[in-house]
Structure formats: structure tokens, C-alpha cells
file work.cif (mmCIF, C-alpha atoms)
data_data
#
loop_
_atom_site.label_atom_id
_atom_site.label_comp_id
_atom_site.auth_asym_id
_atom_site.auth_seq_id
_atom_site.Cartn_x
_atom_site.Cartn_y
_atom_site.Cartn_z
CA MET A 20 132.23 84.78 101.09
CA VAL A 21 129.77 87.04 99.27
CA ILE A 22 127.27 88.80 101.52
CA ALA A 23 124.10 90.53 100.33
CA ILE A 24 123.72 93.60 102.55
CA PHE A 25 120.35 95.36 102.51
CA SER A 26 118.42 97.85 104.60
CA ASP A 27 115.24 99.85 105.07
CA ILE A 28 112.67 97.51 103.56
CA HIS A 29 109.82 99.37 105.23
CA SER A 30 107.19 96.70 104.63
CA ASN A 31 107.58 96.91 100.84
CA LEU A 32 107.01 93.31 99.78
CA GLU A 33 107.19 93.95 96.03
CA ALA A 34 110.68 95.44 96.36
CA LEU A 35 111.90 92.80 98.83
CA GLU A 36 110.81 89.95 96.56
CA VAL A 37 112.67 91.41 93.57
CA PHE A 38 115.83 91.79 95.68
CA PHE A 39 115.57 88.22 96.95
CA ASN A 40 114.97 86.80 93.47
CA GLN A 41 118.01 88.65 92.14
CA VAL A 42 120.45 87.36 94.75
CA TYR A 43 119.04 83.94 95.58
CA GLY A 44 121.66 81.24 95.00
CA LYS A 45 124.35 83.82 94.27
CA VAL A 46 125.38 84.82 97.79
CA ASP A 47 126.58 83.00 100.89
CA ARG A 48 124.86 85.16 103.49
CA TYR A 49 122.26 87.89 103.90
CA ILE A 50 122.62 90.73 106.42
CA CYS A 51 119.76 93.14 107.07
CA LEU A 52 120.59 96.56 108.51
CA GLY A 53 117.17 97.24 109.96
CA ASP A 54 113.84 98.96 109.45
CA ILE A 55 112.05 95.90 108.19
CA VAL A 56 108.74 97.60 109.02
CA GLY A 57 107.21 101.07 108.89
CA TYR A 58 105.56 103.09 106.09
CA GLY A 59 104.63 100.18 103.83
CA PRO A 60 101.63 97.81 103.47
CA ASP A 61 103.11 94.33 104.07
CA PRO A 62 104.89 94.21 107.45
CA SER A 63 104.26 90.58 108.38
CA PRO A 64 105.31 89.03 105.04
CA CYS A 65 108.48 91.15 105.04
CA ILE A 66 109.34 90.11 108.59
CA SER A 67 108.81 86.49 107.58
CA ILE A 68 111.21 86.73 104.63
CA VAL A 69 113.92 88.44 106.67
CA ARG A 70 113.50 85.91 109.46
CA ASN A 71 113.90 83.06 106.97
CA ILE A 72 117.01 84.37 105.22
CA CYS A 73 118.79 86.14 108.10
CA GLY A 74 117.56 84.47 111.25
CA ALA A 75 118.10 86.49 114.41
CA GLU A 76 121.89 86.48 114.06
CA TRP A 77 122.23 88.41 110.80
CA ALA A 78 119.76 91.28 111.17
CA VAL A 79 119.72 94.38 113.37
CA LYS A 80 116.86 96.52 114.65
CA GLY A 81 116.16 99.87 113.04
CA ASN A 82 114.34 102.77 114.68
CA HIS A 83 110.99 101.74 113.15
CA ASP A 84 111.52 98.17 114.32
CA ARG A 85 112.21 99.44 117.85
CA ALA A 86 109.07 101.59 117.69
CA LEU A 87 107.04 98.51 116.81
CA ILE A 88 108.05 96.83 120.07
CA SER A 89 108.04 100.06 122.08
CA PRO A 90 105.42 102.42 120.57
CA LYS A 91 106.40 105.27 122.91
CA GLU A 92 109.43 105.72 120.65
CA THR A 93 107.08 107.17 118.04
CA SER A 94 107.30 110.40 120.06
CA ASN A 95 110.38 111.13 117.95
CA PHE A 96 108.57 110.38 114.67
CA ASN A 97 106.69 112.70 112.38
CA PHE A 98 102.91 112.22 112.26
CA VAL A 99 102.84 110.04 109.15
CA ALA A 100 105.64 107.75 110.38
CA ALA A 101 103.92 107.35 113.76
CA GLU A 102 100.56 106.64 112.11
CA ALA A 103 102.17 103.89 110.03
CA ILE A 104 103.63 102.23 113.12
CA PHE A 105 100.25 102.11 114.89
CA TRP A 106 98.69 100.78 111.67
CA THR A 107 101.42 98.12 111.58
CA LEU A 108 100.81 97.04 115.18
CA ASP A 109 97.37 95.76 114.18
CA ARG A 110 98.80 93.71 111.32
CA VAL A 111 101.67 91.75 112.81
CA SER A 112 101.64 88.58 114.88
CA GLU A 113 103.14 87.85 118.26
CA THR A 114 105.73 85.74 116.41
CA ASP A 115 106.64 88.78 114.33
CA ILE A 116 107.04 90.91 117.45
CA GLU A 117 109.17 88.28 119.18
CA TYR A 118 111.45 88.10 116.16
CA ILE A 119 111.97 91.87 116.14
CA LYS A 120 112.70 91.77 119.87
CA SER A 121 115.37 89.11 119.30
CA LEU A 122 117.45 91.34 117.03
CA SER A 123 120.52 93.17 118.28
CA ASP A 124 121.43 96.80 117.61
CA VAL A 125 124.90 96.00 116.28
CA ILE A 126 126.56 93.00 114.64
CA ASP A 127 130.33 92.60 114.98
CA TYR A 128 131.42 89.97 112.48
CA ASN A 129 134.93 89.12 111.33
CA GLY A 130 136.16 92.62 112.08
CA TYR A 131 133.24 94.36 110.34
CA ILE A 132 130.50 96.35 112.05
CA PHE A 133 126.86 96.25 110.90
CA THR A 134 124.37 98.72 112.35
CA HIS A 135 121.31 100.74 111.42
CA GLY A 136 122.41 104.25 112.35
CA GLY A 137 125.63 105.56 113.84
CA LEU A 138 128.13 104.01 116.21
CA ILE A 139 127.80 106.84 118.72
CA ASP A 140 124.04 107.36 118.36
CA ILE A 141 122.04 104.47 116.92
CA ASP A 142 119.53 106.97 115.49
CA GLU A 143 122.14 109.21 113.85
CA TYR A 144 121.80 109.97 110.15
CA ILE A 145 125.27 109.85 108.61
CA THR A 146 124.82 112.42 105.86
CA SER A 147 127.64 114.93 106.34
CA ILE A 148 131.41 115.06 106.64
CA SER A 149 131.12 115.91 110.33
CA SER A 150 128.86 112.94 111.14
CA ALA A 151 130.98 110.61 109.01
CA THR A 152 134.16 111.80 110.69
CA ARG A 153 132.74 111.19 114.17
CA ASN A 154 131.81 107.65 113.25
CA LEU A 155 135.08 106.94 111.44
CA ASN A 156 136.95 108.05 114.55
CA ARG A 157 134.84 105.75 116.74
CA LEU A 158 135.36 102.91 114.25
CA SER A 159 139.11 103.43 114.47
CA ARG A 160 139.06 103.42 118.28
CA LEU A 161 137.23 100.09 118.14
CA GLY A 162 140.01 98.69 116.00
CA LYS A 163 137.65 98.09 113.06
CA ARG A 164 138.01 99.18 109.46
CA ILE A 165 134.62 98.89 107.76
CA MET A 166 131.13 99.68 109.01
CA PHE A 167 127.94 99.01 107.04
CA TYR A 168 124.94 101.13 108.07
CA GLY A 169 121.48 102.12 106.85
CA HIS A 170 118.89 104.65 108.08
CA THR A 171 119.50 107.41 105.51
CA HIS A 172 118.03 105.43 102.57
CA ILE A 173 120.86 106.81 100.42
CA PRO A 174 123.66 104.64 98.96
CA ALA A 175 127.00 105.97 100.18
CA ILE A 176 130.67 105.32 100.78
CA TRP A 177 132.48 107.56 103.26
CA SER A 178 136.18 107.37 104.06
CA SER A 179 138.74 109.73 105.56
CA LYS A 180 138.91 111.23 102.05
CA GLY A 181 135.26 112.21 102.25
CA PHE A 182 132.30 111.02 100.17
CA GLN A 183 133.36 108.53 97.52
CA PRO A 184 131.66 108.20 94.11
CA ILE A 185 129.56 105.11 93.42
CA GLU A 186 129.39 103.28 90.10
CA TYR A 187 126.45 100.90 90.10
CA GLY A 188 127.07 97.34 88.96
CA LYS A 189 130.85 97.71 89.08
CA LYS A 190 133.23 96.28 91.69
CA ILE A 191 134.65 98.91 94.03
CA TYR A 192 137.80 97.67 95.74
CA LEU A 193 138.33 98.98 99.25
CA ASP A 194 141.79 100.20 100.26
CA LYS A 195 143.16 98.08 103.09
CA ASN A 196 144.72 101.19 104.62
CA GLU A 197 141.45 103.16 104.73
CA LEU A 198 138.46 103.22 107.07
CA TYR A 199 135.00 103.05 105.49
CA LEU A 200 131.36 103.72 106.30
CA ILE A 201 129.19 102.09 103.63
CA ASN A 202 125.43 102.38 103.13
CA PRO A 203 123.63 100.00 100.72
CA GLY A 204 120.69 102.39 100.29
CA SER A 205 117.09 101.29 100.73
CA ILE A 206 115.23 98.25 99.45
CA GLY A 207 111.76 99.66 99.87
CA GLN A 208 111.91 103.44 100.21
CA PRO A 209 114.87 105.02 98.36
CA ARG A 210 115.42 108.71 99.04
CA ASP A 211 118.05 109.72 96.51
CA ASN A 212 115.53 110.92 93.90
CA SER A 213 115.34 107.51 92.23
CA PRO A 214 112.46 105.05 92.65
CA LEU A 215 114.85 102.12 92.14
CA GLY A 216 115.53 99.87 95.12
CA SER A 217 119.15 99.53 96.22
CA TYR A 218 121.41 96.99 97.93
CA LEU A 219 125.03 95.88 97.78
CA LEU A 220 127.13 92.73 97.56
CA PHE A 221 130.22 92.56 99.76
CA ASP A 222 132.92 90.10 98.70
CA GLU A 223 135.19 89.29 101.62
CA SER A 224 137.71 87.49 99.40
CA ASP A 225 138.88 90.68 97.69
CA THR A 226 137.29 93.27 100.01
CA SER A 227 135.08 94.75 97.33
CA VAL A 228 131.52 96.01 97.12
CA VAL A 229 129.08 96.15 94.22
CA PHE A 230 126.06 98.45 94.49
CA ARG A 231 122.97 97.32 92.60
CA ARG A 232 119.68 99.06 91.71
CA PHE A 233 116.47 97.36 90.63
CA GLU A 234 112.98 98.09 89.39
CA TYR A 235 109.92 96.72 91.12
CA ASN A 236 106.16 97.17 90.83
CA VAL A 237 105.87 100.55 92.52
CA ARG A 238 102.28 100.98 91.37
CA GLU A 239 101.22 97.78 93.13
CA THR A 240 102.84 98.96 96.38
CA TYR A 241 101.09 102.32 95.93
CA ARG A 242 97.75 100.54 95.37
CA LYS A 243 98.17 98.51 98.55
CA ILE A 244 99.12 101.57 100.60
CA THR A 245 96.08 103.56 99.52
CA SER A 246 93.60 100.66 99.62
CA ARG A 247 94.67 99.48 103.08
CA GLY A 248 94.26 102.81 104.82
CA LEU A 249 97.80 104.13 105.00
CA PRO A 250 98.43 107.79 104.07
CA GLU A 251 98.47 108.28 100.29
CA TYR A 252 101.66 110.31 100.60
CA LEU A 253 103.57 107.15 101.56
CA GLY A 254 102.75 105.64 98.20
CA ARG A 255 103.27 108.80 96.18
CA ARG A 256 106.78 109.38 97.53
CA LEU A 257 107.86 105.96 96.25
CA MET A 258 107.22 107.12 92.70
CA PHE A 259 109.89 109.81 93.03
CA GLY A 260 112.38 108.25 95.43
CA VAL A 261 112.03 110.89 98.14
#

call {"tool": "encode", "arguments": {"input": "work.cif", "output": "C-alpha cells"}}
result
Amino acid sequence: MVIAIFSDIHSNLEALEVFFNQVYGKVDRYICLGDIVGYGPDPSPCISIVRNICGAEWAVKGNHDRALISPKETSNFNFVAAEAIFWTLDRVSETDIEYIKSLSDVIDYNGYIFTHGGLIDIDEYITSISSATRNLNRLSRLGKRIMFYGHTHIPAIWSSKGFQPIEYGKKIYLDKNELYLINPGSIGQPRDNSPLGSYLLFDESDTSVVFRRFEYNVRETYRKITSRGLPEYLGRRLMFGV
């Protein structure tokens, strides 16, 4: 089975549509690692697409998704992120909200773990050897070998050997004797100094992953952000992948 694993859409419809068009008919399942909403200009259409391709079973809540259903959680957000959530609240339906509520925080499927942040703290950013080690140790105690996570918006593979290099578009075979934490990067708000969206394909048959990057109409997303009353900064950052 080939699974398209994607994360951190952040209401970026232009990017989500390019991703979907690239993988449609080529994968057996879609799994979303959270943050469908937040920052971007098209929350309801993005929720609708994820609901259609993942259902409630194959998507998890991210911190921005949780803030949408419990706005008090914006107390942990910076001003711009919080402003975007309150903007979003006025532009989603009750059906959208009920879908977000139906999502779990963690998916345990066939021995693999899928989550938004860390295993110990669901809001943890796994960006260092120390944070990766903590989560690898927890993964081992759970008797699991591979965890897919999002939240950082940065494509990554961590193992007990540290941070592993990524070659885009090339199969990376995972060692059956290793533990892994794998991040597909962000569909709609990459933060690794590239404006290209990112996702990965996981092939269960040979335990391999392929990371993919794609172009989308960033200027159209920028135009929507600025014309619909969201902070201009949220559009400008997309141009630089920060």
C-alpha cells in the first residue's frame, strides 16, 4: 500500500489542490497530520477536501485545528496566529467544526504512529537531537518503529543516528532495525527557506519513503490573504518559505 502523508495545509487551497492533483489515482490512502486551518485564506474548502479524501479516520488534529474548536488555546499563539484563528471562525461552517472535533490526536495503524507534534507533548516541535531522542525513546517503549509527524513545517528524517539527509524524488529505504521519526514538511506554509510545498509517499511494501516538492500559485494565495483581511505578513512569508 502506498500512502500519501501530508501536513500543515493552513488553509492554502492553491497548494492543497496541486498536491491532490499530483497524487490522485496513484496512492491507496491519504493521511493528514494536522493543521488543516490557520494562517491561510480558504479554511472551509481545505477542510472539505481533507474530509473527502481522509474521512475522520485518517486525519489528526493539529494545534491550529484544536484552537478552532477551543479558541482559548490561542493564548499560546503569537498575535498573528491568533488573529488568523478568529478570522477563520467567521468563515467555517458548523459541519466544518464538527469534522475537526471528530479527529483524534494520534493514529496507530499497522504498527506506525501518526501525530501532529510529539509523542510526549502533542505541541512539541521536534527540531533537535534532544527532542528527537525523547520521542524515539517513547516510540521504542510503545513497541513501534516509525512515527510520522508534522508541526515544524520542515521535511525531516530522524533516527538513532541523528538527522538523516533527504533526497527529493528518490526512494529512501528505511532500515528494519532502526527507529524513525519522519516529517513530510508542509503543504501550505513551508518553513525551510523554500516556497515549494512538500509531502511524502510511504510504500508499506518495501518500507520506503519518497519526499516530493511542488510549485503552486503563491501569488494567488498572497492576493487572497491581503484582499480578505488577513495580515499581509502571512502572504509575504509564503514567498520565502519562512

call {"tool": "residues_around", "arguments": {"input": "work.cif", "residues": "Tyr187 (chain A)", "least_positions_apart": "4", "cutoff": "7 Å", "atoms": "all atoms listed in the file", "output": "CSV table (one decimal) with C-alpha atoms, in the coordinates of the input"}}
result
chain,number,residue,atom,x,y,z
A,229,VAL,CA,129.1,96.2,94.2
A,230,PHE,CA,126.1,98.4,94.5
A,231,ARG,CA,123.0,97.3,92.6

call {"tool": "resolve_selection", "arguments": {"input": "work.cif", "expression": "the PyMOL selection byres ((chain A and resi 58-60) around 8)", "output": "ChimeraX atom specification"}}
result
/A:29-32,56-57,61-62,100,103-104,240,243-244,247,249,253

call {"tool": "write_last_selection", "arguments": {"input": "work.cif", "atoms": "C-alpha atoms", "output": "mmCIF file, keeping the file's coordinate frame"}}
result
data_model
loop_
_atom_site.group_PDB
_atom_site.id
_atom_site.type_symbol
_atom_site.label_atom_id
_atom_site.label_comp_id
_atom_site.auth_asym_id
_atom_site.auth_seq_id
_atom_site.Cartn_x
_atom_site.Cartn_y
_atom_site.Cartn_z
ATOM 1 C CA HIS A 29 109.820 99.370 105.230
ATOM 2 C CA SER A 30 107.190 96.700 104.630
ATOM 3 C CA ASN A 31 107.580 96.910 100.840
ATOM 4 C CA LEU A 32 107.010 93.310 99.780
ATOM 5 C CA VAL A 56 108.740 97.600 109.020
ATOM 6 C CA GLY A 57 107.210 101.070 108.890
ATOM 7 C CA ASP A 61 103.110 94.330 104.070
ATOM 8 C CA PRO A 62 104.890 94.210 107.450
ATOM 9 C CA ALA A 100 105.640 107.750 110.380
ATOM 10 C CA ALA A 103 102.170 103.890 110.030
ATOM 11 C CA ILE A 104 103.630 102.230 113.120
ATOM 12 C CA THR A 240 102.840 98.960 96.380
ATOM 13 C CA LYS A 243 98.170 98.510 98.550
ATOM 14 C CA ILE A 244 99.120 101.570 100.600
ATOM 15 C CA ARG A 247 94.670 99.480 103.080
ATOM 16 C CA LEU A 249 97.800 104.130 105.000
ATOM 17 C CA LEU A 253 103.570 107.150 101.560
#

call {"tool": "resolve_selection", "arguments": {"input": "work.cif", "expression": "the PyMOL selection byres ((chain A and resi 48) around 8)", "output": "MDAnalysis selection string"}}
result
chainID A and resid 20:23 46:47 49:50 73

call {"tool": "resolve_selection", "arguments": {"input": "work.cif", "expression": "the PyMOL selection byres ((chain A and resi 141-147) around 9)", "output": "number ranges by chain"}}
result
A: 81-82, 124-125, 134-140, 148-152, 154, 168-171, 173, 175, 182, 200

call {"tool": "atom_distance", "arguments": {"input": "work.cif", "atom1": "CA of Ala34 (chain A)", "atom2": "CA of Thr226 (chain A)"}}
result
26.9 Å

call {"tool": "atom_distance", "arguments": {"input": "work.cif", "atom1": "CA of Asp84 (chain A)", "atom2": "CA of Gly260 (chain A)"}}
result
21.4 Å

call {"tool": "build_atoms", "arguments": {"input": "work.cif", "residues": "region 191-204 of chain A", "atoms": "N, CA and C atoms", "output": "short mmCIF file (atom, residue, chain, number, x, y, z; two decimals), in the frame of the given file"}}
result
data_model
loop_
_atom_site.label_atom_id
_atom_site.label_comp_id
_atom_site.auth_asym_id
_atom_site.auth_seq_id
_atom_site.Cartn_x
_atom_site.Cartn_y
_atom_site.Cartn_z
N ILE A 191 133.88 97.83 93.41
CA ILE A 191 134.65 98.91 94.03
C ILE A 191 135.55 98.25 95.06
N TYR A 192 136.86 98.31 94.82
CA TYR A 192 137.80 97.67 95.74
C TYR A 192 138.16 98.63 96.86
N LEU A 193 138.09 98.15 98.09
CA LEU A 193 138.33 98.98 99.25
C LEU A 193 139.80 98.92 99.65
N ASP A 194 140.38 100.08 99.89
CA ASP A 194 141.79 100.20 100.26
C ASP A 194 142.01 99.63 101.66
N LYS A 195 142.93 98.72 101.79
CA LYS A 195 143.16 98.08 103.09
C LYS A 195 143.73 99.04 104.13
N ASN A 196 144.17 100.20 103.70
CA ASN A 196 144.72 101.19 104.62
C ASN A 196 143.71 102.28 104.98
N GLU A 197 142.48 102.16 104.48
CA GLU A 197 141.45 103.16 104.73
C GLU A 197 140.38 102.62 105.68
N LEU A 198 139.66 103.54 106.32
CA LEU A 198 138.46 103.22 107.07
C LEU A 198 137.25 103.59 106.22
N TYR A 199 136.17 102.81 106.33
CA TYR A 199 135.00 103.05 105.49
C TYR A 199 133.70 102.96 106.28
N LEU A 200 132.76 103.82 105.91
CA LEU A 200 131.36 103.72 106.30
C LEU A 200 130.58 103.53 105.01
N ILE A 201 129.82 102.44 104.91
CA ILE A 201 129.19 102.09 103.63
C ILE A 201 127.70 101.82 103.85
N ASN A 202 126.88 102.49 103.04
CA ASN A 202 125.43 102.38 103.13
C ASN A 202 124.89 101.76 101.85
N PRO A 203 124.14 100.64 101.94
CA PRO A 203 123.63 100.00 100.72
C PRO A 203 122.43 100.71 100.10
N GLY A 204 121.92 101.77 100.75
CA GLY A 204 120.69 102.39 100.29
C GLY A 204 119.48 101.62 100.81
#
